[in-house]
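Structure data follow from upload-v5.cif (mmCIF, C-alpha atoms and all ligand atoms):
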```cif
data_work
#
loop_
_atom_site.label_atom_id
_atom_site.label_comp_id
_atom_site.auth_asym_id
_atom_site.auth_seq_id
_atom_site.Cartn_x
_atom_site.Cartn_y
_atom_site.Cartn_z
CA MET A 13 -21.82 1.14 -11.64
CA ASP A 14 -20.62 3.99 -9.43
CA TRP A 15 -17.27 4.57 -11.07
CA GLN A 16 -16.01 7.01 -8.51
CA GLU A 17 -16.56 4.63 -5.64
CA THR A 18 -15.04 1.77 -7.64
CA LEU A 19 -11.91 3.79 -8.38
CA LEU A 20 -11.25 4.69 -4.76
CA ASN A 21 -10.26 1.12 -4.02
CA LYS A 22 -6.62 0.12 -4.53
CA GLN A 23 -7.38 -3.40 -5.68
CA ASN A 24 -9.90 -2.19 -8.26
CA LEU A 25 -7.53 0.47 -9.51
CA LYS A 26 -4.81 -2.09 -9.97
CA GLU A 27 -7.06 -4.33 -11.98
CA ILE A 28 -8.47 -1.53 -14.13
CA LEU A 29 -5.00 -0.19 -14.90
CA GLN A 30 -3.78 -3.54 -16.13
CA THR A 31 -6.42 -4.53 -18.65
CA ASP A 32 -8.16 -2.98 -21.62
CA LYS A 33 -11.40 -4.69 -20.59
CA TYR A 34 -12.92 -1.59 -19.01
CA ASP A 35 -11.49 1.01 -21.36
CA GLU A 36 -14.58 1.62 -23.43
CA GLU A 37 -16.82 2.24 -20.46
CA LEU A 38 -14.12 4.10 -18.55
CA PHE A 39 -13.37 6.49 -21.40
CA LYS A 40 -17.03 7.05 -22.17
CA THR A 41 -17.77 7.87 -18.54
CA ALA A 42 -14.78 10.24 -18.33
CA ARG A 43 -15.80 11.98 -21.55
CA GLU A 44 -19.36 12.43 -20.39
CA ILE A 45 -18.19 13.95 -17.12
CA ALA A 46 -15.86 16.34 -18.96
CA THR A 47 -18.60 17.51 -21.31
CA SER A 48 -21.15 17.82 -18.51
CA ILE A 49 -18.87 20.41 -16.87
CA TYR A 50 -16.88 22.01 -19.68
CA SER A 51 -19.24 21.14 -22.55
CA ASN A 52 -17.37 20.33 -25.76
CA LYS A 53 -14.83 23.12 -25.18
CA ILE A 54 -11.10 22.48 -25.35
CA TYR A 55 -8.95 25.12 -23.68
CA ILE A 56 -5.71 26.31 -25.20
CA ARG A 57 -2.55 27.28 -23.28
CA GLY A 58 0.25 28.90 -25.23
CA LEU A 59 3.47 27.39 -23.94
CA ILE A 60 6.50 29.69 -23.75
CA GLU A 61 9.68 27.77 -22.95
CA PHE A 62 11.72 30.74 -21.81
CA THR A 63 14.91 29.12 -20.49
CA ASN A 64 16.50 25.69 -20.79
CA TYR A 65 19.13 26.39 -18.15
CA CYS A 66 18.45 24.28 -15.05
CA ARG A 67 20.16 23.81 -11.70
CA ASN A 68 18.66 20.36 -11.24
CA GLY A 69 19.84 16.97 -12.36
CA CYS A 70 16.57 15.03 -12.79
CA TYR A 71 17.70 11.79 -14.42
CA TYR A 72 14.85 11.62 -16.94
CA CYS A 73 15.03 15.16 -18.25
CA GLY A 74 16.84 16.13 -21.43
CA ILE A 75 17.73 19.61 -20.18
CA ASN A 76 19.10 18.47 -16.82
CA LYS A 77 22.24 20.29 -15.75
CA SER A 78 24.59 17.40 -16.54
CA ASN A 79 23.68 17.28 -20.20
CA THR A 80 26.56 19.14 -21.80
CA LYS A 81 25.20 18.59 -25.29
CA VAL A 82 22.33 21.01 -24.85
CA GLU A 83 22.69 24.40 -26.44
CA ARG A 84 21.42 26.60 -23.64
CA TYR A 85 19.26 29.68 -24.25
CA ARG A 86 17.25 32.27 -22.41
CA LEU A 87 14.55 34.50 -23.85
CA SER A 88 14.70 38.20 -23.07
CA LEU A 89 11.67 39.97 -21.63
CA GLU A 90 11.12 41.45 -25.06
CA GLU A 91 11.16 38.00 -26.68
CA ILE A 92 8.76 36.67 -24.06
CA LEU A 93 6.37 39.56 -24.67
CA ASN A 94 6.67 38.94 -28.36
CA CYS A 95 5.55 35.32 -27.86
CA CYS A 96 2.58 36.60 -25.85
CA GLU A 97 1.72 39.08 -28.60
CA ILE A 98 1.70 36.35 -31.23
CA GLY A 99 -0.43 34.16 -29.00
CA ASN A 100 -2.82 36.92 -28.07
CA SER A 101 -3.33 37.90 -31.69
CA LEU A 102 -4.30 34.28 -32.38
CA GLY A 103 -6.91 34.45 -29.63
CA ILE A 104 -4.92 32.56 -26.99
CA LYS A 105 -6.07 33.80 -23.60
CA SER A 106 -3.79 31.75 -21.39
CA PHE A 107 0.00 31.63 -21.37
CA VAL A 108 2.33 29.18 -19.64
CA LEU A 109 5.84 30.34 -18.82
CA GLN A 110 7.88 27.18 -18.46
CA GLY A 111 11.58 26.85 -17.83
CA GLY A 112 14.30 25.07 -15.95
CA GLU A 113 15.19 26.25 -12.46
CA ASP A 114 17.42 29.05 -13.68
CA GLY A 115 18.90 31.44 -11.12
CA TYR A 116 19.38 34.08 -13.81
CA PHE A 117 15.63 34.62 -13.51
CA SER A 118 15.71 35.90 -9.94
CA THR A 119 12.49 36.44 -8.00
CA ASP A 120 12.74 40.17 -8.74
CA TYR A 121 13.18 39.55 -12.46
CA MET A 122 10.32 37.03 -12.56
CA VAL A 123 8.09 39.55 -10.78
CA GLU A 124 9.02 42.12 -13.42
CA ILE A 125 8.19 39.66 -16.21
CA ILE A 126 4.87 38.65 -14.62
CA LYS A 127 3.86 42.28 -14.14
CA ALA A 128 4.86 43.17 -17.70
CA ILE A 129 2.74 40.33 -19.13
CA LYS A 130 -0.24 41.02 -16.90
CA THR A 131 -0.11 44.77 -17.59
CA LYS A 132 -0.09 44.22 -21.31
CA TYR A 133 -2.59 41.35 -21.28
CA PRO A 134 -4.77 41.90 -18.20
CA LYS A 135 -7.49 39.61 -19.52
CA ASN A 136 -5.17 36.67 -20.10
CA ALA A 137 -4.35 34.02 -17.55
CA LEU A 138 -0.71 33.42 -16.70
CA THR A 139 0.60 30.06 -15.54
CA LEU A 140 4.11 29.50 -14.23
CA SER A 141 6.05 26.25 -14.42
CA VAL A 142 9.42 27.12 -12.96
CA GLY A 143 9.98 24.55 -10.27
CA GLU A 144 10.56 24.66 -6.54
CA HIS A 145 10.76 27.93 -4.64
CA SER A 146 10.11 29.22 -1.14
CA TYR A 147 6.67 30.18 0.11
CA GLU A 148 7.72 33.85 0.00
CA THR A 149 8.83 33.63 -3.63
CA TYR A 150 5.63 31.90 -4.69
CA LYS A 151 3.64 34.56 -2.83
CA ARG A 152 5.48 37.31 -4.69
CA PHE A 153 4.75 35.60 -8.02
CA PHE A 154 1.09 35.39 -7.06
CA ASP A 155 0.88 38.99 -5.84
CA ALA A 156 2.52 40.10 -9.10
CA GLY A 157 -0.43 38.58 -10.94
CA ALA A 158 0.38 34.96 -11.84
CA ASP A 159 -2.80 32.91 -11.74
CA ARG A 160 -1.72 29.30 -11.95
CA TYR A 161 1.29 27.10 -11.23
CA LEU A 162 2.30 23.72 -12.61
CA LEU A 163 4.64 21.52 -10.60
CA ARG A 164 4.39 17.83 -11.31
CA HIS A 165 5.16 15.84 -8.18
CA GLU A 166 6.57 13.05 -10.44
CA SER A 167 5.97 10.32 -7.82
CA CYS A 168 4.55 10.37 -4.30
CA THR A 169 6.46 7.21 -3.35
CA LEU A 170 9.76 8.16 -1.73
CA GLU A 171 11.66 5.14 -2.99
CA HIS A 172 10.53 5.75 -6.56
CA TYR A 173 10.99 9.53 -6.39
CA ASN A 174 14.57 8.98 -5.28
CA LYS A 175 15.27 6.74 -8.27
CA LEU A 176 14.32 9.58 -10.58
CA HIS A 177 16.15 12.39 -8.81
CA PRO A 178 19.59 13.04 -7.35
CA ASP A 179 20.13 13.19 -3.59
CA ASN A 180 19.81 16.93 -3.31
CA MET A 181 16.17 16.83 -4.39
CA SER A 182 13.49 15.88 -1.94
CA LEU A 183 9.97 14.58 -2.33
CA PHE A 184 9.10 16.20 0.98
CA ASN A 185 10.04 19.61 -0.36
CA ARG A 186 8.18 19.08 -3.60
CA LEU A 187 4.95 18.14 -1.85
CA LYS A 188 5.43 21.08 0.52
CA CYS A 189 5.77 23.39 -2.49
CA LEU A 190 2.49 22.05 -3.89
CA LYS A 191 0.72 22.68 -0.59
CA ASN A 192 2.12 26.20 -0.42
CA LEU A 193 1.04 26.98 -3.97
CA LYS A 194 -2.50 25.90 -3.28
CA GLU A 195 -2.63 27.74 0.02
CA ILE A 196 -1.41 30.96 -1.61
CA GLY A 197 -4.30 30.73 -4.03
CA PHE A 198 -2.79 29.54 -7.29
CA GLN A 199 -4.81 27.21 -9.47
CA THR A 200 -2.29 24.45 -8.88
CA GLY A 201 -1.27 21.49 -10.99
CA CYS A 202 0.58 18.33 -10.00
CA GLY A 203 1.17 15.19 -12.05
CA ILE A 204 3.34 12.31 -13.14
CA MET A 205 5.00 10.69 -16.09
CA VAL A 206 3.50 7.34 -16.97
CA GLY A 207 6.07 4.59 -17.30
CA SER A 208 8.90 6.56 -15.76
CA PRO A 209 11.83 4.26 -14.99
CA TYR A 210 11.23 1.85 -12.08
CA GLN A 211 7.59 2.91 -11.73
CA THR A 212 5.32 0.06 -10.60
CA ILE A 213 1.55 -0.27 -10.87
CA ASP A 214 1.40 0.18 -7.09
CA ASN A 215 3.26 3.48 -7.46
CA ILE A 216 0.67 4.63 -10.00
CA VAL A 217 -2.19 3.58 -7.72
CA ASP A 218 -0.66 5.62 -4.90
CA ASP A 219 -0.16 8.60 -7.21
CA ILE A 220 -3.79 8.45 -8.29
CA LEU A 221 -4.93 8.43 -4.66
CA TYR A 222 -2.47 11.18 -3.74
CA MET A 223 -3.81 13.36 -6.55
CA TYR A 224 -7.38 12.64 -5.49
CA ASP A 225 -6.58 13.75 -1.92
CA PHE A 226 -4.62 16.81 -2.99
CA ASN A 227 -7.52 17.83 -5.25
CA PRO A 228 -5.53 20.11 -7.59
CA GLN A 229 -7.14 22.33 -10.20
CA MET A 230 -4.90 20.91 -12.95
CA ILE A 231 -3.14 17.61 -13.56
CA GLY A 232 -0.33 16.97 -16.06
CA ILE A 233 -0.01 13.36 -17.13
CA GLY A 234 2.06 12.19 -20.06
CA PRO A 235 4.11 9.14 -20.97
CA PHE A 236 7.81 9.04 -20.11
CA ILE A 237 9.93 9.26 -23.27
CA SER A 238 13.63 8.51 -23.05
CA HIS A 239 16.18 11.11 -24.01
CA LYS A 240 19.36 9.96 -25.71
CA ASP A 241 21.71 12.08 -23.59
CA THR A 242 20.42 11.07 -20.17
CA ILE A 243 21.25 8.05 -18.03
CA PHE A 244 17.77 6.74 -18.78
CA LYS A 245 18.51 6.60 -22.51
CA ASN A 246 17.89 2.87 -22.72
CA MET A 247 14.76 2.84 -20.62
CA PRO A 248 11.52 1.99 -22.42
CA ASN A 249 8.97 4.69 -23.17
CA GLY A 250 5.71 4.84 -21.27
CA SER A 251 2.55 3.27 -22.63
CA VAL A 252 -0.08 5.34 -24.44
CA PRO A 253 -3.04 3.11 -23.46
CA LEU A 254 -1.99 3.23 -19.80
CA THR A 255 -1.67 7.01 -19.97
CA LEU A 256 -5.19 7.26 -21.42
CA ARG A 257 -6.56 5.05 -18.66
CA ILE A 258 -5.00 7.26 -15.99
CA LEU A 259 -6.36 10.40 -17.65
CA ALA A 260 -9.85 8.90 -17.63
CA ILE A 261 -9.52 7.81 -14.01
CA MET A 262 -8.47 11.30 -12.91
CA ARG A 263 -11.35 12.87 -14.83
CA ILE A 264 -13.80 10.60 -13.06
CA LEU A 265 -12.25 11.13 -9.63
CA LEU A 266 -11.86 14.89 -10.00
CA PRO A 267 -14.64 15.92 -12.41
CA ASN A 268 -13.69 19.62 -12.61
CA VAL A 269 -9.95 19.18 -13.08
CA LEU A 270 -8.25 20.85 -16.05
CA LEU A 271 -6.56 17.99 -17.83
CA PRO A 272 -4.26 18.43 -20.84
CA ALA A 273 -3.71 15.93 -23.59
CA THR A 274 0.04 16.45 -23.41
CA THR A 275 2.69 16.97 -26.05
CA ALA A 276 4.39 13.77 -24.88
CA LEU A 277 1.18 11.85 -25.60
CA GLY A 278 1.08 13.41 -29.07
CA THR A 279 4.74 12.54 -29.58
CA LEU A 280 4.31 8.80 -28.98
CA ASP A 281 1.09 8.51 -30.95
CA LYS A 282 0.05 10.64 -33.92
CA LYS A 283 -3.50 10.52 -32.64
CA GLY A 284 -2.46 10.79 -28.99
CA ARG A 285 -4.07 14.13 -28.36
CA GLN A 286 -7.39 13.17 -29.91
CA LYS A 287 -7.32 9.97 -27.90
CA GLY A 288 -6.58 12.03 -24.78
CA ILE A 289 -9.67 14.14 -25.40
CA PHE A 290 -11.72 10.99 -25.89
CA ALA A 291 -10.43 9.84 -22.50
CA GLY A 292 -11.58 13.02 -20.76
CA ALA A 293 -8.81 15.58 -21.37
CA ASN A 294 -9.96 19.16 -22.03
CA VAL A 295 -6.77 21.20 -22.51
CA LEU A 296 -4.15 21.48 -25.27
CA MET A 297 -0.84 23.30 -24.94
CA PRO A 298 0.48 24.43 -28.31
CA ASN A 299 3.97 25.84 -28.38
CA LEU A 300 4.51 29.60 -28.52
CA SER A 301 8.29 29.50 -28.12
CA PRO A 302 10.34 31.15 -30.88
CA GLU A 303 11.02 28.76 -33.73
CA LYS A 304 14.80 29.24 -33.38
CA ASP A 305 14.84 27.90 -29.79
CA ARG A 306 12.16 25.26 -29.95
CA LYS A 307 14.54 22.46 -30.84
CA LYS A 308 16.70 23.33 -27.84
CA TYR A 309 13.96 22.67 -25.31
CA LEU A 310 13.92 18.92 -25.61
CA LEU A 311 12.90 17.18 -22.41
CA TYR A 312 12.75 13.94 -24.41
CA ASP A 313 13.55 12.63 -27.89
CA ASN A 314 11.45 13.33 -31.00
CA LYS A 315 9.35 16.00 -29.30
CA ILE A 316 6.84 17.36 -31.76
CA ALA A 317 7.78 20.91 -32.54
CA THR A 318 6.35 21.31 -35.94
CA ASN A 319 3.23 22.67 -37.51
CA GLU A 320 0.13 21.19 -35.93
CA GLU A 321 1.53 21.16 -32.45
CA ALA A 322 2.99 24.61 -32.78
CA VAL A 323 0.97 27.75 -32.86
CA GLU A 324 1.41 28.16 -36.61
CA GLY A 325 -0.90 25.23 -36.89
CA LEU A 326 -3.61 26.63 -34.66
CA SER A 327 -6.15 26.82 -37.47
CA LYS A 328 -5.31 23.25 -38.40
CA LEU A 329 -5.74 22.28 -34.77
CA LYS A 330 -9.12 24.01 -34.70
CA LYS A 331 -10.25 21.98 -37.70
CA LEU A 332 -8.97 18.76 -36.21
CA ILE A 333 -10.75 19.42 -32.93
CA SER A 334 -14.01 20.30 -34.64
CA SER A 335 -13.73 17.17 -36.78
CA ILE A 336 -13.97 15.11 -33.59
CA GLY A 337 -16.96 17.06 -32.28
CA TYR A 338 -15.13 19.47 -29.99
CA GLU A 339 -14.43 23.18 -30.20
CA ILE A 340 -11.43 25.26 -29.26
CA SER A 341 -12.43 27.82 -26.69
CA ASN A 342 -11.16 31.37 -26.82
CA ASP A 343 -11.43 32.04 -23.12
CA ARG A 344 -8.99 31.77 -20.23
CA GLY A 345 -10.29 28.38 -19.24
CA ASP A 346 -10.27 28.79 -15.49
CA TYR A 347 -11.06 25.97 -13.15
CA LYS A 348 -14.79 25.74 -12.44
CA TYR A 349 -15.12 25.77 -8.67
N1 LIG A 401 9.61 12.26 -20.83
C1 LIG A 401 8.39 12.73 -20.57
N2 LIG A 401 8.15 13.79 -19.78
C2 LIG A 401 9.23 14.41 -19.25
N3 LIG A 401 9.32 15.45 -18.41
C3 LIG A 401 10.63 15.68 -18.18
N4 LIG A 401 11.39 14.80 -18.82
C4 LIG A 401 10.54 13.98 -19.50
C5 LIG A 401 10.72 12.85 -20.33
N5 LIG A 401 11.92 12.36 -20.60
C6 LIG A 401 8.15 16.08 -17.79
C7 LIG A 401 8.29 16.07 -16.27
C8 LIG A 401 8.28 17.54 -15.92
C9 LIG A 401 7.60 18.18 -17.10
C10 LIG A 401 7.90 19.61 -17.31
O1 LIG A 401 8.06 17.42 -18.19
O2 LIG A 401 7.18 15.40 -15.68
O3 LIG A 401 7.61 17.84 -14.70
#
```

Transcribe the structure of this file into structure tokens.
Amino acid sequence: MDWQETLLNKQNLKEILQTDKYDEELFKTAREIATSIYSNKIYIRGLIEFTNYCRNGCYYCGINKSNTKVERYRLSLEEILNCCEIGNSLGIKSFVLQGGEDGYFSTDYMVEIIKAIKTKYPKNALTLSVGEHSYETYKRFFDAGADRYLLRHESCTLEHYNKLHPDNMSLFNRLKCLKNLKEIGFQTGCGIMVGSPYQTIDNIVDDILYMYDFNPQMIGIGPFISHKDTIFKNMPNGSVPLTLRILAIMRILLPNVLLPATTALGTLDKKGRQKGIFAGANVLMPNLSPEKDRKKYLLYDNKIATNEEAVEGLSKLKKLISSIGYEISNDRGDYKY
């Protein structure tokens, strides 16, 4: 069967998403495609959560601006560089700076941070995940040396997007940001939460087709997990099997895409990350944030922030990955064009 052709049909997608009947073949196909391009290598991104201040009020997110229970923190440039140093000494060749949309980190300051990291670690890739900004700001980040940018679109269906976000946020702007990022030359990542409140199977089908059309270099897909201090606290968590199915589908549709087995997947299922790799994922993002702040960057409840998932457990992670027939790569892990 030509899986790619099959998956470009809405009706087929709907059926495949809603049954476990095809999983075995789907996952096997996705895995084979991943290994044909990236062999058995799993790329590592050291995640540095450098601020949990945020100007936005996304209803699903634990660090949204309305959550007064969060103890807010910002890392200094020195602390950020210290995280990079720890990562680099462990052989991590790719860093992700992630934070809320925090005005304290002005464009000028971000440019200073990017330049400082890239000057000290010229061989390492730097990814930003700092939300929506103007074309000019993104261009300055890029010219300062940032290589990649993650900005999940969350939902390409206006009605659904608006159920997840307050009125001052716009799907139009988000998609425009993604276009700008790609045009500027970033390796760009979009993505969704699986099982976010009010999401329908049709929404997921449209997101899959949107991602296929946008053809990003990276895709972030993880299950929604409710956070106790948000208005979605009583909403059910996303499904692990459905998440795995969507990972496999995206691997088949976009063979070269860099696809993480996310922390959220590992949070809902102890074996989530291994399962993600078996469904075609080829990236892991261990945490490089300082221990003292890690528990303050909680986008959702019960986030894993201990040993194996954290950098301290990198050697454990290496063993785990090799026990399933894969190998942690020590290179930047760029997109293969
Ligand atoms: N559950 C799962 N993922 C979440 N994110 C934010 N809040 C949650 C949650 N409650 C994801 C969003 C965002 C990324 C940084 O984290 O998709 O883009």

**OP:** Name the residues within 10 Å of (16.1, 37.4, -31.2), counting only C-alpha atoms in the file's coordinates, and put them as JSON, numbers by chain.
**Re:** {"A": [87, 88, 90, 91, 94, 302, 304, 305]}

Subject >> Selected residue of minimal separation from Arg263 (chain A) among A:Leu25, A:Ile216, A:Ala46, A:Cys202, counting only C-alpha atoms >> reply: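 Among the listed residues, the smallest separation from Arg263 (chain A) belongs to A:Ala46.
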
Subject >> Coordinates-based distance that separates CA of Lys328 (chain A) from CA of Leu89 (chain A) (Å, one decimal) >> reply: 29.1 Å

Original post:
Counting all atoms listed in the file, which protein, DNA or RNA residues come within 8 Å of ligand LIG 401 (chain A), given as a PyMOL selection string?
Top reply: chain A and resi 70+72-74+110+141+163-166+203-205+208+232-239+249+276+311-313

**OP:** Name all residues at most 10 Å from Ile220 (chain A) (count only C-alpha atoms; drop same-chain ones fewer than 3 positions away) and give them as JSON, numbers by chain.
**Re:** {"A": [19, 20, 22, 25, 167, 168, 203, 204, 214, 215, 216, 217, 223, 224, 225, 226, 258, 259, 261, 262, 265]}

Subject >> Close residues, Lys81 (chain A) itself excluded, 12 Å, only C-alpha atoms, min 5 positions apart in chain, as a list of chain:residue names >> reply: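 Returned residues: A:Gly74, A:Ile75, A:Asn76, A:His239, A:Lys240, A:Asp241, A:Thr242, A:Lys308, A:Tyr309, A:Leu310.
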
Subject >> Nearest-residue call for Gly58 (chain A), choices A:Met230, A:Ile333, A:Leu190, A:Met297, using only C-alpha atoms >> reply: A:Met297

Subject >> Long-range neighbours of Cys66 (chain A) as number ranges by chain, 12 Å cut-off, only C-alpha atoms, 3 positions minimum in chain >> reply: A: 62-63, 69-70, 73-80, 82, 84-86, 110-117, 142-144, 309, 311

Subject >> Coordinates-based distance that separates CA of Lys188 (chain A) from CA of Tyr147 (chain A) (Å, one decimal) >> reply: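 Separation between CA of Tyr147 (chain A) and CA of Lys188 (chain A): 9.2 Å.
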
Original post:
Can you list, as JSON, numbers by chain, every protein, DNA or RNA residue that comes within 12 Å of Ile129 (chain A) when you count only C-alpha atoms, leaving out same-chain residues fewer than 5 positions away?
Top reply: {"A": [89, 90, 91, 92, 93, 94, 95, 96, 97, 100, 105, 106, 107, 108, 109, 122, 123, 124, 134, 135, 136, 137, 138, 139, 140, 156, 157, 158, 159]}

Subject >> Using all atoms listed in the file: which of A:Pro267, A:Gly337, A:Pro298, A:Pro228 has the shortest distance to Arg160 (chain A) >> reply: A:Pro228

**OP:** Just give me the gap between CA of Lys191 (chain A) and CA of Arg67 (chain A) in Å, one decimal is fine.
**Re:**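 Here the two named atoms are 22.4 Å from each other.
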
Subject >> Which residue of A:Arg306, A:Arg257, A:Lys194, A:Arg186 approaches Leu170 (chain A) most closely, using all atoms listed in the file >> reply: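 That would be A:Arg186, the residue with the smallest distance to Leu170 (chain A).
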
**OP:** For Asn227 (chain A), work out the shell of residues within 9 Å, counting only C-alpha atoms and skipping chain neighbours fewer than 4 positions away, then give it as a list in words.
**Re:**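 Answer for this query is Tyr222, Met223, Leu266 and Val269 of chain A.
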
Original post:
From the set A:Lys127, A:Asn246, A:Leu332, A:Tyr349, which residue has the shortest atom-to-atom contact distance to Lys283 (chain A), counting all atoms listed in the file?
Top reply: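 So, comparing all the options, the nearest one is A:Leu332.
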
Could you rebuild region 162-179 of chain A with N, CA, C and O atoms and give me the result as a short mmCIF file (atom, residue, chain, number, x, y, z; two decimals), in the frame of the given file?
```cif
data_model
loop_
_atom_site.label_atom_id
_atom_site.label_comp_id
_atom_site.auth_asym_id
_atom_site.auth_seq_id
_atom_site.Cartn_x
_atom_site.Cartn_y
_atom_site.Cartn_z
N LEU A 162 2.16 25.15 -12.33
CA LEU A 162 2.30 23.72 -12.61
C LEU A 162 3.59 23.20 -11.99
O LEU A 162 4.66 23.74 -12.22
N LEU A 163 3.46 22.16 -11.19
CA LEU A 163 4.64 21.52 -10.60
C LEU A 163 4.31 20.04 -10.44
O LEU A 163 3.69 19.63 -9.45
N ARG A 164 4.69 19.26 -11.44
CA ARG A 164 4.39 17.83 -11.31
C ARG A 164 5.13 17.27 -10.09
O ARG A 164 6.30 17.61 -9.88
N HIS A 165 4.47 16.42 -9.34
CA HIS A 165 5.16 15.84 -8.18
C HIS A 165 6.03 14.66 -8.61
O HIS A 165 6.89 14.24 -7.87
N GLU A 166 5.79 14.12 -9.79
CA GLU A 166 6.57 13.05 -10.44
C GLU A 166 6.36 11.66 -9.82
O GLU A 166 6.27 10.68 -10.54
N SER A 167 6.30 11.58 -8.50
CA SER A 167 5.97 10.32 -7.82
C SER A 167 5.78 10.63 -6.35
O SER A 167 6.59 11.36 -5.77
N CYS A 168 4.73 10.10 -5.74
CA CYS A 168 4.55 10.37 -4.30
C CYS A 168 5.15 9.26 -3.45
O CYS A 168 5.02 9.26 -2.23
N THR A 169 5.81 8.29 -4.10
CA THR A 169 6.46 7.21 -3.35
C THR A 169 7.94 7.54 -3.21
O THR A 169 8.65 7.68 -4.22
N LEU A 170 8.39 7.69 -1.97
CA LEU A 170 9.76 8.16 -1.73
C LEU A 170 10.81 7.33 -2.47
O LEU A 170 11.70 7.87 -3.13
N GLU A 171 10.67 6.02 -2.37
CA GLU A 171 11.66 5.14 -2.99
C GLU A 171 11.73 5.38 -4.51
O GLU A 171 12.81 5.43 -5.10
N HIS A 172 10.57 5.53 -5.12
CA HIS A 172 10.53 5.75 -6.56
C HIS A 172 11.02 7.17 -6.91
O HIS A 172 11.83 7.35 -7.82
N TYR A 173 10.55 8.14 -6.15
CA TYR A 173 10.99 9.53 -6.39
C TYR A 173 12.51 9.62 -6.38
O TYR A 173 13.13 10.26 -7.23
N ASN A 174 13.11 8.92 -5.42
CA ASN A 174 14.57 8.98 -5.28
C ASN A 174 15.32 8.26 -6.39
O ASN A 174 16.50 8.50 -6.62
N LYS A 175 14.63 7.39 -7.11
CA LYS A 175 15.27 6.74 -8.27
C LYS A 175 15.26 7.64 -9.50
O LYS A 175 15.96 7.38 -10.48
N LEU A 176 14.43 8.66 -9.44
CA LEU A 176 14.32 9.58 -10.58
C LEU A 176 15.13 10.86 -10.39
O LEU A 176 15.33 11.62 -11.35
N HIS A 177 15.52 11.10 -9.14
CA HIS A 177 16.15 12.39 -8.81
C HIS A 177 17.42 12.20 -8.00
O HIS A 177 17.50 11.27 -7.21
N PRO A 178 18.38 13.11 -8.16
CA PRO A 178 19.59 13.04 -7.35
C PRO A 178 19.31 13.36 -5.88
O PRO A 178 18.23 13.85 -5.55
N ASP A 179 20.30 13.09 -5.04
CA ASP A 179 20.13 13.19 -3.59
C ASP A 179 19.72 14.57 -3.09
O ASP A 179 19.10 14.69 -2.05
#
```
